[in-house]
>>> print(open('query.cif').read())   # mmCIF, C-alpha atoms
data_coords
loop_
_atom_site.label_atom_id
_atom_site.label_comp_id
_atom_site.auth_asym_id
_atom_site.auth_seq_id
_atom_site.Cartn_x
_atom_site.Cartn_y
_atom_site.Cartn_z
CA MET B 1 -47.08 135.69 75.20
CA VAL B 2 -48.83 132.40 75.96
CA ASN B 3 -47.05 129.15 75.07
CA LEU B 4 -49.27 126.65 73.25
CA GLU B 5 -47.40 123.83 74.99
CA TRP B 6 -48.93 125.06 78.27
CA TYR B 7 -52.41 124.44 76.84
CA ARG B 8 -51.37 121.04 75.49
CA THR B 9 -50.08 120.11 78.96
CA PHE B 10 -53.24 121.52 80.58
CA LYS B 11 -55.39 119.37 78.29
CA SER B 12 -53.46 116.22 79.22
CA VAL B 13 -53.57 116.92 82.97
CA TYR B 14 -57.29 117.74 82.77
CA LYS B 15 -58.00 114.51 80.88
CA ASN B 16 -55.81 112.22 83.00
CA GLY B 17 -56.32 113.92 86.40
CA ASN B 18 -52.72 113.16 87.17
CA PHE B 19 -49.38 114.89 86.54
CA SER B 20 -47.48 111.61 86.17
CA LEU B 21 -49.86 110.21 83.55
CA ALA B 22 -49.77 113.50 81.66
CA ALA B 23 -45.95 113.40 81.69
CA LYS B 24 -45.96 109.89 80.20
CA GLU B 25 -48.46 110.88 77.53
CA LEU B 26 -46.47 113.98 76.55
CA PHE B 27 -43.05 112.29 76.86
CA ILE B 28 -41.76 114.93 79.27
CA SER B 29 -40.82 114.85 82.96
CA GLN B 30 -43.31 115.32 85.80
CA PRO B 31 -41.48 118.47 87.06
CA ALA B 32 -41.83 119.92 83.55
CA VAL B 33 -45.59 119.30 83.67
CA SER B 34 -45.84 120.96 87.08
CA GLN B 35 -43.81 123.95 85.91
CA GLN B 36 -45.94 124.48 82.80
CA ILE B 37 -49.17 124.35 84.83
CA VAL B 38 -47.75 126.88 87.31
CA MET B 39 -46.79 129.19 84.44
CA LEU B 40 -50.25 128.84 82.84
CA GLU B 41 -51.90 129.62 86.19
CA ALA B 42 -49.75 132.73 86.48
CA HIS B 43 -50.74 133.76 82.96
CA VAL B 44 -54.53 133.34 83.42
CA GLY B 45 -54.47 134.54 87.04
CA TYR B 46 -56.38 131.61 88.54
CA LYS B 47 -55.59 128.29 90.21
CA LEU B 48 -56.44 125.46 87.84
CA PHE B 49 -55.90 122.25 89.83
CA ASN B 50 -56.18 121.16 93.43
CA ARG B 51 -54.02 118.29 94.59
CA LYS B 52 -55.67 115.13 95.94
CA SER B 53 -54.26 111.97 97.45
CA LYS B 54 -54.33 110.34 93.98
CA GLY B 55 -53.76 113.00 91.39
CA VAL B 56 -55.36 116.40 90.91
CA GLU B 57 -58.85 117.81 90.59
CA PRO B 58 -59.76 120.67 88.19
CA THR B 59 -61.10 123.87 89.69
CA GLU B 60 -64.13 125.67 88.29
CA TYR B 61 -61.76 127.98 86.42
CA ALA B 62 -60.07 124.91 84.87
CA LYS B 63 -63.46 123.60 83.72
CA LEU B 64 -64.25 126.96 82.14
CA LEU B 65 -60.84 127.18 80.48
CA ASN B 66 -61.18 123.63 79.14
CA ASN B 67 -64.55 124.47 77.55
CA LEU B 68 -63.05 127.56 75.93
CA ILE B 69 -59.92 126.01 74.43
CA ILE B 70 -60.63 122.32 73.81
CA ASP B 71 -62.17 122.65 70.32
CA ALA B 72 -59.50 125.08 69.09
CA LEU B 73 -56.72 122.94 70.55
CA ASP B 74 -58.10 119.77 68.93
CA ARG B 75 -58.25 121.51 65.56
CA LEU B 76 -54.70 122.77 65.96
CA GLU B 77 -53.43 119.29 66.82
CA ASN B 78 -55.25 117.82 63.80
CA VAL B 79 -53.60 120.38 61.54
CA GLU B 80 -50.23 119.63 63.11
CA ASN B 81 -50.66 115.86 62.72
CA GLY B 82 -51.79 116.27 59.13
CA PHE B 83 -48.81 118.47 58.34
CA ARG B 84 -46.42 115.96 59.89
CA ALA B 85 -48.00 113.13 57.90
CA LYS B 86 -47.65 115.06 54.65
CA ALA B 87 -44.05 115.95 55.43
CA PHE B 88 -43.36 112.29 56.25
CA ASN B 89 -45.05 111.08 53.09
CA ALA B 90 -43.26 113.63 50.90
CA ASN B 91 -39.83 112.50 52.06
CA ARG B 92 -40.48 108.79 52.53
CA LEU B 93 -38.64 106.24 50.41
CA LEU B 94 -41.36 104.50 48.40
CA SER B 95 -40.99 101.02 46.96
CA VAL B 96 -42.93 100.69 43.71
CA GLY B 97 -43.23 97.63 41.49
CA ILE B 98 -43.96 97.93 37.79
CA SER B 99 -43.43 96.09 34.50
CA ARG B 100 -40.18 97.15 32.84
CA HIS B 101 -42.24 97.72 29.67
CA LEU B 102 -44.27 100.48 31.36
CA MET B 103 -41.43 102.10 33.27
CA SER B 104 -40.57 104.85 30.82
CA SER B 105 -44.16 105.91 30.13
CA ILE B 106 -45.83 105.42 33.52
CA GLY B 107 -43.02 105.03 36.05
CA SER B 108 -41.24 108.18 34.92
CA ALA B 109 -44.31 110.25 35.81
CA LEU B 110 -43.84 109.26 39.46
CA VAL B 111 -40.20 110.36 39.40
CA ALA B 112 -41.36 113.92 38.73
CA LYS B 113 -43.73 113.77 41.73
CA PHE B 114 -41.81 112.04 44.52
CA ASP B 115 -38.30 112.57 45.86
CA PHE B 116 -37.42 108.97 46.77
CA ILE B 117 -38.57 105.83 44.90
CA ASP B 118 -37.06 102.35 44.75
CA PHE B 119 -38.46 100.69 41.60
CA THR B 120 -38.73 96.93 41.12
CA PHE B 121 -39.43 95.19 37.79
CA HIS B 122 -41.57 92.04 37.83
CA THR B 123 -44.60 90.35 36.30
CA ASN B 124 -48.12 91.07 37.56
CA ASP B 125 -48.31 87.96 39.77
CA ALA B 126 -44.87 88.52 41.28
CA LEU B 127 -45.69 92.16 42.03
CA PHE B 128 -48.91 91.14 43.75
CA ASP B 129 -47.04 88.66 45.95
CA LEU B 130 -44.50 91.34 46.92
CA VAL B 131 -47.24 93.81 47.91
CA ASN B 132 -49.27 91.13 49.66
CA THR B 133 -46.25 90.13 51.78
CA LYS B 134 -45.48 93.81 52.50
CA LYS B 135 -42.17 93.73 50.64
CA LEU B 136 -43.42 96.50 48.34
CA ASP B 137 -45.49 99.58 49.18
CA PHE B 138 -47.17 99.84 45.77
CA ALA B 139 -47.43 98.06 42.44
CA ILE B 140 -48.76 99.16 39.07
CA VAL B 141 -50.29 96.12 37.38
CA ASN B 142 -52.62 95.32 34.49
CA LYS B 143 -54.36 92.38 36.12
CA LYS B 144 -57.20 92.28 38.66
CA PHE B 145 -56.51 90.46 41.94
CA ASP B 146 -59.17 89.43 44.44
CA THR B 147 -57.93 89.73 48.02
CA PHE B 148 -58.96 91.18 51.37
CA ASP B 149 -55.44 92.15 52.37
CA THR B 150 -54.67 94.63 49.59
CA ILE B 151 -56.26 97.69 48.03
CA GLN B 152 -56.58 97.81 44.25
CA LYS B 153 -58.11 100.62 42.20
CA LYS B 154 -58.31 101.20 38.48
CA ALA B 155 -56.16 104.12 37.31
CA GLY B 156 -56.91 103.99 33.58
CA GLU B 157 -56.58 101.93 30.42
CA ILE B 158 -53.92 101.09 27.85
CA LYS B 159 -54.24 99.42 24.48
CA GLN B 160 -52.03 97.55 22.03
CA VAL B 161 -51.58 99.17 18.62
CA ILE B 162 -49.41 98.58 15.56
CA VAL B 163 -46.73 101.17 14.77
CA SER B 164 -43.94 101.42 12.24
CA SER B 165 -40.81 103.36 11.45
CA THR B 166 -41.43 106.55 9.49
CA ASP B 167 -39.59 105.35 6.37
CA ILE B 168 -42.39 102.91 5.49
CA ASP B 169 -45.13 104.10 3.14
CA VAL B 170 -48.33 103.17 4.99
CA SER B 171 -50.83 105.02 2.79
CA THR B 172 -51.98 101.87 0.95
CA ILE B 173 -52.24 99.68 4.03
CA LYS B 174 -54.28 102.35 5.80
CA GLN B 175 -56.72 102.28 2.88
CA ASN B 176 -56.92 98.50 3.27
CA ILE B 177 -57.60 98.92 6.98
CA LYS B 178 -60.34 101.43 6.25
CA ALA B 179 -61.85 99.00 3.72
CA LYS B 180 -61.53 96.14 6.27
CA ASP B 181 -59.61 94.03 3.78
CA PHE B 182 -58.18 91.77 6.49
CA LYS B 183 -56.57 89.26 4.14
CA THR B 184 -54.53 91.96 2.40
CA ILE B 185 -53.68 93.59 5.73
CA GLU B 186 -52.41 90.32 7.19
CA ASN B 187 -50.36 89.53 4.10
CA TRP B 188 -48.74 92.97 4.24
CA LEU B 189 -47.94 92.61 7.93
CA ASN B 190 -46.42 89.17 7.32
CA GLU B 191 -43.97 90.73 4.86
CA GLN B 192 -42.62 93.33 7.31
CA LYS B 193 -39.62 93.20 9.63
CA TRP B 194 -40.99 92.69 13.13
CA TYR B 195 -39.66 93.97 16.44
CA SER B 196 -40.71 92.35 19.70
CA HIS B 197 -39.82 92.53 23.41
CA ASP B 198 -40.63 88.84 23.99
CA ALA B 199 -39.44 85.83 21.96
CA GLY B 200 -42.78 84.13 22.59
CA ILE B 201 -44.56 87.12 20.99
CA PRO B 202 -47.62 86.82 23.31
CA HIS B 203 -48.74 90.39 22.56
CA ILE B 204 -48.64 89.72 18.80
CA LYS B 205 -50.56 86.47 19.25
CA LEU B 206 -53.18 88.31 21.31
CA PHE B 207 -53.58 90.94 18.61
CA TRP B 208 -53.99 88.27 15.92
CA LEU B 209 -56.54 86.44 18.08
CA HIS B 210 -58.79 89.46 18.60
CA VAL B 211 -58.34 91.14 15.22
CA PHE B 212 -57.85 88.27 12.78
CA ALA B 213 -59.52 85.52 14.86
CA LYS B 214 -56.38 83.39 14.51
CA LYS B 215 -54.48 81.73 17.35
CA ARG B 216 -51.12 81.64 15.58
CA PRO B 217 -49.79 84.46 13.41
CA SER B 218 -47.49 83.49 10.55
CA ILE B 219 -44.89 86.11 11.40
CA ILE B 220 -41.54 85.56 13.08
CA ALA B 221 -39.97 88.37 15.08
CA ASN B 222 -36.76 89.57 13.44
CA TYR B 223 -35.46 91.40 16.53
CA ILE B 224 -36.08 90.64 20.21
CA ILE B 225 -35.34 93.57 22.53
CA PRO B 226 -36.45 92.74 26.11
CA SER B 227 -37.67 96.24 26.97
CA GLU B 228 -40.61 97.59 25.04
CA TYR B 229 -39.59 101.24 25.21
CA GLU B 230 -36.01 100.51 24.14
CA MET B 231 -37.45 98.36 21.37
CA LEU B 232 -39.40 101.39 20.13
CA GLU B 233 -36.37 103.66 20.42
CA ILE B 234 -34.38 101.26 18.23
CA LEU B 235 -37.29 101.02 15.78
CA THR B 236 -37.22 104.81 15.32
CA LYS B 237 -33.68 104.47 13.90
CA ASN B 238 -34.37 101.45 11.69
CA THR B 239 -37.07 99.92 9.48
CA GLY B 240 -39.89 97.72 10.68
CA VAL B 241 -43.16 97.37 12.60
CA ALA B 242 -44.14 96.45 16.15
CA ILE B 243 -47.13 95.94 18.41
CA THR B 244 -46.86 98.11 21.50
CA TRP B 245 -48.85 99.73 24.27
CA ASN B 246 -50.29 102.99 22.94
CA ILE B 247 -48.94 104.88 25.95
CA ASN B 248 -45.38 103.87 25.10
CA ALA B 249 -45.65 105.03 21.50
CA LYS B 250 -47.65 108.20 22.20
CA ASN B 251 -44.76 110.68 22.47
CA LEU B 252 -42.74 109.04 19.70
CA ILE B 253 -45.71 109.37 17.35
CA GLN B 254 -46.26 113.01 18.35
CA GLU B 255 -42.58 113.69 17.66
CA ASN B 256 -42.88 112.02 14.23
CA LYS B 257 -40.34 109.37 15.18
CA LEU B 258 -42.89 106.58 14.68
CA GLN B 259 -46.18 106.37 12.83
CA LEU B 260 -49.39 104.72 13.92
CA ILE B 261 -50.56 102.08 11.47
CA TRP B 262 -53.53 100.52 13.19
CA ASN B 263 -55.55 101.14 16.32
CA SER B 264 -58.07 98.36 15.79
CA LYS B 265 -61.51 98.56 17.38
CA GLU B 266 -61.40 94.77 17.66
CA MET B 267 -58.46 94.95 20.06
CA PRO B 268 -59.77 95.45 23.63
CA SER B 269 -58.23 97.89 26.09
CA THR B 270 -56.44 96.64 29.20
CA ASP B 271 -57.08 98.10 32.65
CA VAL B 272 -54.19 99.50 34.70
CA PHE B 273 -54.48 99.21 38.48
CA LEU B 274 -52.66 100.66 41.47
CA LEU B 275 -52.13 98.08 44.18
CA SER B 276 -51.04 98.53 47.81
CA GLY B 277 -51.31 96.89 51.20
CA LYS B 278 -53.84 98.11 53.73
CA ASN B 279 -51.87 100.75 55.61
CA GLU B 280 -53.32 104.08 56.78
CA ASN B 281 -49.90 105.76 56.49
CA LEU B 282 -49.83 104.91 52.77
CA SER B 283 -53.35 106.16 52.05
CA PRO B 284 -52.41 109.80 51.22
CA ILE B 285 -49.56 108.61 48.99
CA PHE B 286 -51.93 106.14 47.28
CA GLN B 287 -54.19 109.07 46.35
CA ASP B 288 -51.22 111.11 45.07
CA ILE B 289 -50.00 108.23 42.90
CA MET B 290 -53.51 107.62 41.57
CA ALA B 291 -53.78 111.28 40.56
CA GLU B 292 -50.48 111.10 38.65
CA LEU B 293 -51.43 107.84 36.92
CA LYS B 294 -54.79 109.23 35.80
CA LEU B 295 -53.03 112.22 34.22
CA VAL B 296 -50.73 109.90 32.28
CA LEU B 297 -53.47 107.47 31.27
CA GLU B 298 -56.18 109.95 30.35
#
>>> encode(input="query.cif", output="structure tokens")
Amino acid sequence: MVNLEWYRTFKSVYKNGNFSLAAKELFISQPAVSQQIVMLEAHVGYKLFNRKSKGVEPTEYAKLLNNLIIDALDRLENVENGFRAKAFNANRLLSVGISRHLMSSIGSALVAKFDFIDFTFHTNDALFDLVNTKKLDFAIVNKKFDTFDTIQKKAGEIKQVIVSSTDIDVSTIKQNIKAKDFKTIENWLNEQKWYSHDAGIPHIKLFWLHVFAKKRPSIIANYIIPSEYEMLEILTKNTGVAITWNINAKNLIQENKLQLIWNSKEMPSTDVFLLSGKNENLSPIFQDIMAELKLVLE
């Protein structure tokens, strides 16, 4: 049976016209190259190379053999290289940056896909700097960055909504929302116990700005829990309301652990991007991560 390594060696000798150069290219010894060519010649029954003062010269049979095998051998090597790249990518330790507030909803989806991930929690700007300086492979951010040294593509959208614990009767306030009675809605919200993941309540201020056209809400957060998902988990066991990313509350609402109060049309969605450095080895993984993110964010 023919050994495919003989054809690989033949291709290198034919291209380089020299046994020594072929040996360097294939990372084997020159005697090993000579032996494989001798064995291939014995297999096909013809002499393939004539020695010259500087290297070797292909015979007519070698030229014919090269024409017959070169396309098939190139395809085989492409398949082999692609397989190696996929195997490398599947087992590679990936470094991924993400906001701690999106870890449970978005980051956990990547855990189910890849075997090795080192997660880092930071703000959007810090994550960009880490990717840009090649200290992180990827980052999931909700801010657009303009740069020539990184690749950034939109994976989907998230939106801030108001949710509450299930022990609150929201039937009346939902009628007020439907009637667009914003004064009554705001007064009701001001009377509730509020949960927040940030003492500065920037997400609540943003909601008030877009929905009520007010820069400063009157509310004060009763409980500050510096992880949005853990904040929601605690809310499920207590009484109160919170503003959260819809993706974080999605499963808890479906499981009847929280209830959606208001998904306001006045509140704009926020884009989620996948960010990476320009690296061909990371390109297949970038596509795999994008596919997973789109499934979560659809």
>>> closest_residue(input="query.cif", among="B:Ser283, B:Asn142, B:Asn238, B:Gly17", to="B:Ser53", atoms="only C-alpha atoms")
B:Gly17
>>> atom_distance(input="query.cif", atom1="atom CA of B:Ala221", atom2="atom CA of B:Ser196")
6.1 Å
>>> atom_distance(input="query.cif", atom1="atom CA of B:Ser227", atom2="atom CA of B:His210")
23.7 Å
>>> resolve_selection(input="query.cif", expression="the PyMOL selection byres ((chain B and resi 276) around 10)", output="ChimeraX atom specification")
/B:96,128,130-132,134,136-140,149-153,273-275,277-279,282-283,286
>>> residues_around(input="query.cif", residues="B:Val296", least_positions_apart="4", cutoff="12 Å", atoms="only C-alpha atoms", output="VMD selection string")
chain B and resid 102 104 to 110 155 to 158 246 to 248 250 to 251 272 289 to 292
>>> resolve_selection(input="query.cif", expression="the PyMOL selection byres ((chain B and resi 201) around 12)", output="JSON, numbers by chain")
{"B": [194, 195, 196, 197, 198, 199, 200, 202, 203, 204, 205, 206, 207, 208, 215, 216, 217, 218, 219, 220, 221, 222, 223, 224, 225, 226, 228, 242, 243, 244]}
>>> write_last_selection(input="query.cif", atoms="C-alpha atoms", output="mmCIF file, in the frame of the given file")
data_model
loop_
_atom_site.group_PDB
_atom_site.id
_atom_site.type_symbol
_atom_site.label_atom_id
_atom_site.label_comp_id
_atom_site.auth_asym_id
_atom_site.auth_seq_id
_atom_site.Cartn_x
_atom_site.Cartn_y
_atom_site.Cartn_z
ATOM 1 C CA TRP B 194 -40.990 92.690 13.130
ATOM 2 C CA TYR B 195 -39.660 93.970 16.440
ATOM 3 C CA SER B 196 -40.710 92.350 19.700
ATOM 4 C CA HIS B 197 -39.820 92.530 23.410
ATOM 5 C CA ASP B 198 -40.630 88.840 23.990
ATOM 6 C CA ALA B 199 -39.440 85.830 21.960
ATOM 7 C CA GLY B 200 -42.780 84.130 22.590
ATOM 8 C CA PRO B 202 -47.620 86.820 23.310
ATOM 9 C CA HIS B 203 -48.740 90.390 22.560
ATOM 10 C CA ILE B 204 -48.640 89.720 18.800
ATOM 11 C CA LYS B 205 -50.560 86.470 19.250
ATOM 12 C CA LEU B 206 -53.180 88.310 21.310
ATOM 13 C CA PHE B 207 -53.580 90.940 18.610
ATOM 14 C CA TRP B 208 -53.990 88.270 15.920
ATOM 15 C CA LYS B 215 -54.480 81.730 17.350
ATOM 16 C CA ARG B 216 -51.120 81.640 15.580
ATOM 17 C CA PRO B 217 -49.790 84.460 13.410
ATOM 18 C CA SER B 218 -47.490 83.490 10.550
ATOM 19 C CA ILE B 219 -44.890 86.110 11.400
ATOM 20 C CA ILE B 220 -41.540 85.560 13.080
ATOM 21 C CA ALA B 221 -39.970 88.370 15.080
ATOM 22 C CA ASN B 222 -36.760 89.570 13.440
ATOM 23 C CA TYR B 223 -35.460 91.400 16.530
ATOM 24 C CA ILE B 224 -36.080 90.640 20.210
ATOM 25 C CA ILE B 225 -35.340 93.570 22.530
ATOM 26 C CA PRO B 226 -36.450 92.740 26.110
ATOM 27 C CA GLU B 228 -40.610 97.590 25.040
ATOM 28 C CA ALA B 242 -44.140 96.450 16.150
ATOM 29 C CA ILE B 243 -47.130 95.940 18.410
ATOM 30 C CA THR B 244 -46.860 98.110 21.500
#
>>> resolve_selection(input="query.cif", expression="the PyMOL selection byres ((chain B and resi 39) around 12)", output="number ranges by chain")
B: 1-7, 9-10, 32-38, 40-48
>>> residues_around(input="query.cif", residues="B:Asp118", least_positions_apart="5", cutoff="9 Å", atoms="only C-alpha atoms", output="PyMOL selection string")
chain B and resi 93-97
>>> closest_residue(input="query.cif", among="B:Leu64, B:Val211, B:Val13, B:Ile162", to="B:Asp181", atoms="all atoms listed in the file")
B:Val211
>>> closest_residue(input="query.cif", among="B:Ala22, B:Arg8, B:Gln254, B:Lys214", to="B:Leu76", atoms="all atoms listed in the file")
B:Arg8
>>> atom_distance(input="query.cif", atom1="atom CA of B:Glu77", atom2="atom CA of B:Asn18")
21.3 Å
